[in-house]
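One file, coords21.txt, carrying compact mmCIF, C-alpha atoms and all ligand atoms:
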```txt
# COMPACT_ATOMS: atom_id res chain seq x y z
CA MET D 1 73.65 61.79 86.77
CA GLN D 2 72.32 60.08 89.82
CA ALA D 3 71.61 62.46 92.65
CA VAL D 4 72.78 60.79 95.81
CA THR D 5 73.66 62.53 99.00
CA ARG D 6 75.48 60.64 101.68
CA TYR D 7 74.93 62.10 105.07
CA HIS D 8 74.76 59.17 107.43
CA LEU D 9 77.62 60.60 109.37
CA LEU D 10 80.69 58.57 110.12
CA SER D 11 80.19 59.40 113.75
CA LEU D 12 77.77 56.49 113.97
CA GLY D 13 79.37 54.14 116.46
CA CYS D 14 82.16 56.61 117.02
CA PRO D 15 84.53 54.88 119.44
CA LEU D 16 86.68 57.85 120.31
CA GLN D 17 84.24 59.77 122.46
CA GLY D 18 85.93 61.14 125.53
CA ALA D 19 89.39 60.28 124.30
CA ALA D 20 89.54 62.65 121.44
CA SER D 21 91.40 65.56 122.98
CA ASP D 22 94.75 64.41 121.71
CA ARG D 23 93.47 63.24 118.39
CA ARG D 24 92.82 65.22 115.30
CA LEU D 25 89.97 63.00 114.27
CA ARG D 26 87.27 64.28 116.51
CA CYS D 27 84.00 62.83 117.63
CA PRO D 28 81.36 65.53 117.77
CA SER D 29 80.03 66.19 121.24
CA PRO D 30 76.25 66.36 121.55
CA SER D 31 76.40 70.12 122.07
CA SER D 32 78.68 70.84 119.17
CA THR D 33 77.37 68.60 116.42
CA SER D 34 76.04 71.34 114.19
CA SER D 35 79.15 73.47 114.17
CA ALA D 36 81.93 71.07 115.04
CA GLY D 37 84.69 70.90 112.49
CA ARG D 38 83.98 74.41 111.31
CA SER D 39 85.98 77.32 112.54
CA ALA D 40 84.47 80.61 113.50
CA ASP D 41 86.98 82.37 111.29
CA ALA D 42 85.59 81.10 108.02
CA LEU D 43 86.01 83.62 105.23
CA GLU D 44 83.50 84.48 102.51
CA PRO D 45 83.25 81.69 99.93
CA VAL D 46 84.39 82.37 96.40
CA LYS D 47 82.88 80.81 93.30
CA ALA D 48 84.05 79.83 89.87
CA LEU D 49 82.33 78.25 86.89
CA THR D 50 84.08 75.66 84.73
CA HIS D 51 82.88 74.51 81.32
CA SER D 52 84.66 71.16 81.02
CA VAL D 53 86.43 68.57 83.09
CA ASP D 54 89.75 69.88 81.77
CA GLU D 55 88.90 73.35 83.02
CA THR D 56 88.06 71.96 86.45
CA ARG D 57 91.41 70.18 86.47
CA ALA D 58 93.16 73.37 85.37
CA LEU D 59 91.54 75.39 88.16
CA ALA D 60 92.51 72.77 90.72
CA GLU D 61 96.02 72.56 89.30
CA ASP D 62 96.46 76.30 89.80
CA ILE D 63 95.23 76.02 93.37
CA GLY D 64 97.56 73.11 94.04
CA ARG D 65 100.56 74.88 92.58
CA ALA D 66 99.94 78.30 94.11
CA LEU D 67 98.42 77.55 97.47
CA LEU D 68 98.62 74.05 98.87
CA ARG D 69 101.33 72.85 101.20
CA PRO D 70 102.01 69.87 103.46
CA GLY D 71 99.52 69.62 106.32
CA ASP D 72 96.64 71.07 104.30
CA LEU D 73 93.25 69.41 104.26
CA VAL D 74 90.94 69.81 101.26
CA VAL D 75 87.35 68.71 101.87
CA LEU D 76 85.60 67.86 98.60
CA SER D 77 81.83 67.63 98.38
CA GLY D 78 79.24 67.29 95.65
CA GLU D 79 76.93 64.61 94.32
CA LEU D 80 78.07 61.44 92.55
CA GLY D 81 80.00 62.29 89.41
CA SER D 82 80.14 66.00 90.14
CA GLY D 83 83.91 66.22 89.67
CA LYS D 84 85.57 65.62 93.03
CA THR D 85 88.10 63.19 91.58
CA ALA D 86 88.71 65.50 88.61
CA PHE D 87 89.50 68.29 91.07
CA ALA D 88 91.88 66.01 92.98
CA GLN D 89 93.59 65.08 89.71
CA GLY D 90 94.21 68.75 89.00
CA VAL D 91 95.58 69.40 92.46
CA ALA D 92 97.93 66.44 92.11
CA ARG D 93 99.18 67.75 88.77
CA GLY D 94 99.78 71.15 90.32
CA LEU D 95 101.83 69.51 93.05
CA GLY D 96 104.01 67.68 90.57
CA VAL D 97 102.43 64.22 90.50
CA THR D 98 103.06 62.58 87.13
CA GLU D 99 101.41 59.19 87.63
CA PRO D 100 97.69 58.82 86.91
CA VAL D 101 95.43 59.78 89.80
CA VAL D 102 92.42 57.46 89.96
CA SER D 103 89.38 57.34 92.17
CA PRO D 104 90.13 56.02 95.65
CA SER D 105 86.56 54.73 96.02
CA PHE D 106 87.47 51.08 96.62
CA THR D 107 90.83 51.50 98.30
CA ILE D 108 89.66 54.41 100.52
CA VAL D 109 93.15 55.97 100.49
CA ARG D 110 95.64 56.40 97.66
CA GLU D 111 98.96 58.14 98.07
CA TYR D 112 101.09 59.97 95.53
CA GLU D 113 104.55 61.50 95.48
CA GLY D 114 104.95 64.88 93.89
CA ARG D 115 106.84 67.93 95.13
CA VAL D 116 104.88 67.14 98.29
CA ARG D 117 103.15 63.94 99.29
CA ILE D 118 99.45 63.65 98.62
CA ALA D 119 96.80 61.47 100.24
CA HIS D 120 93.59 61.10 98.25
CA VAL D 121 90.81 59.70 100.42
CA ASP D 122 87.23 58.71 99.64
CA VAL D 123 85.02 58.14 102.68
CA PHE D 124 81.94 57.14 100.67
CA ARG D 125 82.16 53.49 101.65
CA LEU D 126 83.15 53.99 105.26
CA ASP D 127 80.51 53.45 107.88
CA ARG D 128 82.31 54.30 111.09
CA LEU D 129 84.93 56.74 112.20
CA GLN D 130 86.98 53.85 113.54
CA GLU D 131 87.63 52.72 109.99
CA LEU D 132 89.11 56.07 109.08
CA HIS D 133 91.19 56.00 112.22
CA ASP D 134 92.39 52.46 111.46
CA LEU D 135 93.61 53.68 108.10
CA GLY D 136 96.00 56.03 109.88
CA PHE D 137 94.17 59.17 108.86
CA ASP D 138 95.71 61.22 111.68
CA GLU D 139 99.19 60.52 110.38
CA LEU D 140 98.23 61.37 106.83
CA LEU D 141 97.29 64.86 107.91
CA ASP D 142 100.71 65.56 109.39
CA ASP D 143 102.86 66.02 106.34
CA ARG D 144 100.76 65.59 103.24
CA VAL D 145 98.21 67.49 101.29
CA THR D 146 95.13 65.42 102.10
CA LEU D 147 92.06 65.53 99.84
CA VAL D 148 88.89 63.89 101.14
CA GLU D 149 86.03 63.09 98.77
CA TRP D 150 82.62 63.15 100.49
CA GLY D 151 84.52 64.95 103.22
CA ASP D 152 81.39 66.87 104.16
CA ALA D 153 79.95 63.60 105.47
CA ALA D 154 82.82 63.43 107.95
CA SER D 155 83.06 67.16 108.46
CA PRO D 156 82.61 67.36 112.22
CA LEU D 157 85.36 64.81 112.69
CA LEU D 158 87.98 66.53 110.60
CA PRO D 159 90.28 69.41 111.57
CA ALA D 160 88.62 72.81 111.36
CA ASP D 161 91.49 74.23 109.37
CA ARG D 162 90.65 73.33 105.80
CA LEU D 163 89.81 74.37 102.28
CA GLU D 164 86.27 73.33 101.44
CA VAL D 165 85.40 72.71 97.80
CA ARG D 166 81.76 72.21 96.85
CA ILE D 167 81.09 71.21 93.25
CA THR D 168 77.62 71.60 91.79
CA PRO D 169 76.56 70.67 88.25
CA ALA D 170 75.33 73.72 86.37
CA GLY D 171 74.65 73.66 82.61
CA GLU D 172 75.78 70.92 80.22
CA GLY D 173 79.40 70.16 81.08
CA GLU D 174 79.48 72.98 83.56
CA ARG D 175 80.27 72.95 87.24
CA GLU D 176 79.95 75.67 89.82
CA ILE D 177 82.85 75.37 92.21
CA GLN D 178 82.55 77.07 95.55
CA LEU D 179 85.59 77.37 97.71
CA SER D 180 85.65 78.42 101.32
CA THR D 181 88.62 78.72 103.58
CA HIS D 182 88.52 77.97 107.28
CA GLY D 183 91.10 78.52 109.96
CA GLU D 184 94.10 80.62 110.66
CA SER D 185 96.41 78.99 108.17
CA TRP D 186 94.09 80.03 105.34
CA GLN D 187 93.58 83.63 106.34
CA ALA D 188 96.85 84.75 104.81
CA ARG D 189 96.10 82.78 101.65
CA SER D 190 92.53 83.86 100.94
CA ARG D 191 93.57 86.82 98.81
CA ARG D 192 95.84 84.63 96.72
CA LEU D 193 92.95 82.22 96.28
CA GLY D 194 90.90 85.03 94.76
CA GLU D 195 93.74 85.82 92.37
CA VAL D 196 94.05 82.21 91.32
CA LEU D 197 90.32 81.97 90.62
CA ALA D 198 90.14 85.24 88.68
CA PRO D 199 90.70 83.64 85.24
CA PHE D 200 87.78 81.28 85.78
CA SER D 201 84.47 82.92 85.05
CA SER D 202 82.24 83.38 88.03
CA PRO D 203 78.46 82.90 87.93
CA GLY D 204 78.12 85.78 90.32
CA LYS D 205 79.70 86.97 93.45
CA SER D 206 78.70 85.08 96.54
N1 LIG G 301 83.02 71.04 84.26
C1 LIG G 301 83.25 69.78 84.65
N2 LIG G 301 84.07 69.56 85.71
C2 LIG G 301 84.30 68.31 86.16
N3 LIG G 301 83.77 67.19 85.61
C3 LIG G 301 82.96 67.35 84.54
C4 LIG G 301 82.68 68.64 84.02
N4 LIG G 301 81.84 68.49 82.97
C5 LIG G 301 81.64 67.17 82.84
N5 LIG G 301 82.31 66.47 83.77
C6 LIG G 301 82.28 65.02 83.92
O1 LIG G 301 81.80 64.67 85.21
C7 LIG G 301 82.45 63.50 85.67
C8 LIG G 301 83.16 63.81 86.98
O2 LIG G 301 83.68 62.58 87.46
P1 LIG G 301 84.45 62.47 88.82
O3 LIG G 301 84.87 61.04 88.94
O4 LIG G 301 85.50 63.49 88.90
O5 LIG G 301 83.30 62.80 89.86
P2 LIG G 301 83.26 62.48 91.42
O6 LIG G 301 82.55 63.61 92.06
O7 LIG G 301 84.62 62.16 91.91
O8 LIG G 301 82.36 61.17 91.46
P3 LIG G 301 82.15 60.14 92.69
O9 LIG G 301 81.11 60.75 93.57
O10 LIG G 301 81.67 58.90 92.01
O11 LIG G 301 83.47 59.97 93.35
C9 LIG G 301 83.45 63.08 84.59
O12 LIG G 301 82.82 62.12 83.76
C10 LIG G 301 83.67 64.37 83.83
O13 LIG G 301 84.04 64.16 82.47
MG MG G 302 85.38 60.50 92.94
```

Represent the structure of the file as structure tokens.
Ligand SMILES: Nc1ncnc2c1ncn2[C@@H]1O[C@H](COP(=O)(O)OP(=O)(O)OP(=O)(O)O)[C@@H](O)[C@H]1O
Ligand SMILES: [Mg+2]
Amino acid sequence: MQAVTRYHLLSLGCPLQGAASDRRLRCPSPSSTSSAGRSADALEPVKALTHSVDETRALAEDIGRALLRPGDLVVLSGELGSGKTAFAQGVARGLGVTEPVVSPSFTIVREYEGRVRIAHVDVFRLDRLQELHDLGFDELLDDRVTLVEWGDAASPLLPADRLEVRITPAGEGEREIQLSTHGESWQARSRRLGEVLAPFSSPGKS
């Protein structure tokens, strides 16, 4: 697996500076770059360990079914081939999508209809925030479950209220999946998240 990290932030050339107050895509201000996009009310991360791609999908399916609702943002991070798309496939299944969910790498955004609408976004090939804005990202966030692969690269520009999913290869076929919840809307759901993860073996409490 090729280890590639993409951190040349989408804020390069950000055209929305100074006009972002009424937008949900936010340009980081110079003073807030390090913490922008993160809420102060982040809860302790929880971890799970999966032993196959099917188990990752099953975990994500349970999260989708039990926890996700329209307006939610799921920020997916992890190196190339770590399992971000697999996680999104599981979420989609949990939300009732029956058509195949494929990587949005080249199209940037793919949408699906399940019990709720889903937007699956991959920002890997975007170079500027304007491109994300042009794609109507703000509108996507309104009434869909939106999953963003490489979302950590755009983190300061995205709403603070989110579920963050970090996937890290562990042993052969294994992935450590760390989930952290941020924002008010997740506070009431964090306990349920722990319950949903309980069947998936944990490599150790975080
Ligand atoms: N436990 C596991 N969970 C998820 N994927 C796994 C696991 N074990 C092996 N894999 C393999 O890792 C790959 C994950 O591919 P996937 O496309 O989901 O990654 P990705 O993070 O979306 O990649 P990219 O950065 O290219 O978008 C698949 O080939 C899958 O079979
Ligand atoms: Mg992918």

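Proximal residues of ligand MG 302 (chain G) are Leu76, Ser77, Gly78, Glu79, Leu80, Gly81, Ser82, Gly83, Lys84, Thr85, Ala86, Phe87, Ala88, Gln89, Val102, Ser103, Pro104, Ser105, His120, Val121, Asp122, Phe124, Val148, Glu149 and Trp150 of chain D, by a cut-off of 10 Å on all atoms listed in the file.
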
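Of the listed residues (D:Leu49, D:Leu67, D:Ala198, D:Leu95), D:Leu49 comes nearest to ligand LIG 301 (chain G); the distances count only C-alpha atoms and all ligand atoms.
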
* To do: Name the residues, using the chain letters and numbers of the file, that sit within 12 Å of (98.5, 80.1, 91.4) when counting all atoms listed in the file, and give them as JSON, numbers by chain.
  => {"D": [58, 59, 60, 61, 62, 63, 64, 65, 66, 67, 68, 91, 94, 95, 189, 190, 191, 192, 193, 194, 195, 196, 197, 198, 199]}

For ligand LIG 301 (chain G), I'd like the enclosing box, axis-aligned and padded by 5 Å on every side, reported as JSON with centre and edge lengths in Å to one decimal.
```
{"center_x": 83.3, "center_y": 65.0, "center_z": 88.0, "size_x": 14.4, "size_y": 22.1, "size_z": 21.1}
```

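Our summary of the geometry notes that atom C8 of ligand LIG 301 (chain G) is positioned 12.1 Å from atom CA of D:Thr50.
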
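You can rank D:Ala170, D:Val109, D:Ala92, D:Ala188 by their closest distance to ligand LIG 301 (chain G) using only C-alpha atoms and all ligand atoms, and at the top of that list sits D:Ala170.
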
* Which is closest to D:Gly71 among D:Asp161, D:Glu174, D:Asp143, D:Asp152, if we use only C-alpha atoms? -> D:Asp143

* **Distance in Å - atom C1 of ligand LIG 301 (chain G) versus atom CA of D:Glu164** => 17.4 Å

* Would you please work out which residue, of D:Pro156, D:Gly136, D:Pro70, D:Gly90, is nearest to ligand LIG 301 (chain G) when using only C-alpha atoms and all ligand atoms? =>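 Among the listed residues, the smallest separation from ligand LIG 301 (chain G) belongs to D:Gly90.
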
* Mind pulling up the distance from atom CA of D:Gly183 to atom CA of D:Ser155? ->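 Computed distance, atom CA of D:Ser155 to atom CA of D:Gly183, equals 14.0 Å.
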
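Nearest residue to ligand LIG 301 (chain G) among D:Glu44, D:Asp142, D:Glu176, D:Glu113 is D:Glu176, counting only C-alpha atoms and all ligand atoms.
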
* Write out as a list in words each polymer residue whose atoms come within 10 Å of D:Arg144, counting only C-alpha atoms; drop sequence neighbours fewer than 3 positions from it. =>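 Using only C-alpha atoms, the neighbours found are Leu68, Arg69, Pro70, Gly71, Asp72, Leu73, Glu111, Tyr112, Glu113, Val116, Arg117, Ile118, Ala119, His120, Glu139, Leu140, Leu141 and Leu147 of chain D.
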
* **Selected residue, from D:Asp138, D:Glu99, D:Glu172, D:Asp127, that lies nearest to ligand LIG 301 (chain G) when counting all atoms listed in the file** =>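 Distance minimum relative to ligand LIG 301 (chain G) lands on D:Glu172.
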
Using the incomplete input, complete stretch 154-179 of chain D to the level of N, CA and C atoms; output as a PDB file, in the coordinates of the input.
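Ended up saving to part38.pdb:
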```pdb
ATOM      1  N   ALA D 154      81.998  63.635 106.749  1.00  0.00           N
ATOM      2  CA  ALA D 154      82.820  63.430 107.950  1.00  0.00           C
ATOM      3  C   ALA D 154      83.231  64.753 108.563  1.00  0.00           C
ATOM      4  N   SER D 155      82.607  65.822 108.109  1.00  0.00           N
ATOM      5  CA  SER D 155      83.060  67.160 108.460  1.00  0.00           C
ATOM      6  C   SER D 155      83.310  67.413 109.939  1.00  0.00           C
ATOM      7  N   PRO D 156      82.389  67.026 110.817  1.00  0.00           N
ATOM      8  CA  PRO D 156      82.610  67.360 112.220  1.00  0.00           C
ATOM      9  C   PRO D 156      83.802  66.631 112.825  1.00  0.00           C
ATOM     10  N   LEU D 157      84.276  65.618 112.139  1.00  0.00           N
ATOM     11  CA  LEU D 157      85.360  64.810 112.690  1.00  0.00           C
ATOM     12  C   LEU D 157      86.726  65.247 112.188  1.00  0.00           C
ATOM     13  N   LEU D 158      86.725  66.133 111.230  1.00  0.00           N
ATOM     14  CA  LEU D 158      87.980  66.530 110.600  1.00  0.00           C
ATOM     15  C   LEU D 158      88.471  67.857 111.188  1.00  0.00           C
ATOM     16  N   PRO D 159      89.757  68.143 111.045  1.00  0.00           N
ATOM     17  CA  PRO D 159      90.280  69.410 111.570  1.00  0.00           C
ATOM     18  C   PRO D 159      89.534  70.607 110.988  1.00  0.00           C
ATOM     19  N   ALA D 160      89.362  71.621 111.796  1.00  0.00           N
ATOM     20  CA  ALA D 160      88.620  72.810 111.360  1.00  0.00           C
ATOM     21  C   ALA D 160      89.366  73.572 110.283  1.00  0.00           C
ATOM     22  N   ASP D 161      90.672  73.512 110.335  1.00  0.00           N
ATOM     23  CA  ASP D 161      91.490  74.230 109.370  1.00  0.00           C
ATOM     24  C   ASP D 161      91.442  73.478 108.036  1.00  0.00           C
ATOM     25  N   ARG D 162      90.795  74.066 107.061  1.00  0.00           N
ATOM     26  CA  ARG D 162      90.650  73.330 105.800  1.00  0.00           C
ATOM     27  C   ARG D 162      90.208  74.248 104.675  1.00  0.00           C
ATOM     28  N   LEU D 163      90.406  73.752 103.463  1.00  0.00           N
ATOM     29  CA  LEU D 163      89.810  74.370 102.280  1.00  0.00           C
ATOM     30  C   LEU D 163      88.631  73.491 101.893  1.00  0.00           C
ATOM     31  N   GLU D 164      87.458  74.089 101.837  1.00  0.00           N
ATOM     32  CA  GLU D 164      86.270  73.330 101.440  1.00  0.00           C
ATOM     33  C   GLU D 164      85.935  73.641  99.981  1.00  0.00           C
ATOM     34  N   VAL D 165      85.708  72.583  99.233  1.00  0.00           N
ATOM     35  CA  VAL D 165      85.400  72.710  97.800  1.00  0.00           C
ATOM     36  C   VAL D 165      84.065  72.011  97.557  1.00  0.00           C
ATOM     37  N   ARG D 166      83.080  72.793  97.151  1.00  0.00           N
ATOM     38  CA  ARG D 166      81.760  72.210  96.850  1.00  0.00           C
ATOM     39  C   ARG D 166      81.507  72.343  95.363  1.00  0.00           C
ATOM     40  N   ILE D 167      81.265  71.213  94.706  1.00  0.00           N
ATOM     41  CA  ILE D 167      81.090  71.210  93.250  1.00  0.00           C
ATOM     42  C   ILE D 167      79.636  70.892  92.922  1.00  0.00           C
ATOM     43  N   THR D 168      79.034  71.754  92.127  1.00  0.00           N
ATOM     44  CA  THR D 168      77.620  71.600  91.790  1.00  0.00           C
ATOM     45  C   THR D 168      77.445  71.648  90.275  1.00  0.00           C
ATOM     46  N   PRO D 169      76.825  70.608  89.687  1.00  0.00           N
ATOM     47  CA  PRO D 169      76.560  70.670  88.250  1.00  0.00           C
ATOM     48  C   PRO D 169      75.712  71.893  87.917  1.00  0.00           C
ATOM     49  N   ALA D 170      76.094  72.547  86.824  1.00  0.00           N
ATOM     50  CA  ALA D 170      75.330  73.720  86.370  1.00  0.00           C
ATOM     51  C   ALA D 170      74.744  73.353  85.011  1.00  0.00           C
ATOM     52  N   GLY D 171      75.135  74.037  83.935  1.00  0.00           N
ATOM     53  CA  GLY D 171      74.650  73.660  82.610  1.00  0.00           C
ATOM     54  C   GLY D 171      75.392  72.429  82.096  1.00  0.00           C
ATOM     55  N   GLU D 172      75.138  72.074  80.837  1.00  0.00           N
ATOM     56  CA  GLU D 172      75.780  70.920  80.220  1.00  0.00           C
ATOM     57  C   GLU D 172      77.314  71.051  80.300  1.00  0.00           C
ATOM     58  N   GLY D 173      77.943  70.124  80.966  1.00  0.00           N
ATOM     59  CA  GLY D 173      79.400  70.160  81.080  1.00  0.00           C
ATOM     60  C   GLY D 173      79.935  71.237  81.999  1.00  0.00           C
ATOM     61  N   GLU D 174      79.037  71.886  82.697  1.00  0.00           N
ATOM     62  CA  GLU D 174      79.480  72.980  83.560  1.00  0.00           C
ATOM     63  C   GLU D 174      79.406  72.587  85.042  1.00  0.00           C
ATOM     64  N   ARG D 175      80.309  73.160  85.802  1.00  0.00           N
ATOM     65  CA  ARG D 175      80.270  72.950  87.240  1.00  0.00           C
ATOM     66  C   ARG D 175      80.504  74.285  87.948  1.00  0.00           C
ATOM     67  N   GLU D 176      79.667  74.540  88.939  1.00  0.00           N
ATOM     68  CA  GLU D 176      79.950  75.670  89.820  1.00  0.00           C
ATOM     69  C   GLU D 176      80.822  75.138  90.953  1.00  0.00           C
ATOM     70  N   ILE D 177      81.911  75.812  91.176  1.00  0.00           N
ATOM     71  CA  ILE D 177      82.850  75.370  92.210  1.00  0.00           C
ATOM     72  C   ILE D 177      82.958  76.448  93.261  1.00  0.00           C
ATOM     73  N   GLN D 178      82.513  76.101  94.439  1.00  0.00           N
ATOM     74  CA  GLN D 178      82.550  77.070  95.550  1.00  0.00           C
ATOM     75  C   GLN D 178      83.660  76.682  96.508  1.00  0.00           C
ATOM     76  N   LEU D 179      84.475  77.636  96.813  1.00  0.00           N
ATOM     77  CA  LEU D 179      85.590  77.370  97.710  1.00  0.00           C
ATOM     78  C   LEU D 179      85.479  78.237  98.948  1.00  0.00           C
TER      79      LEU D 179
END
```
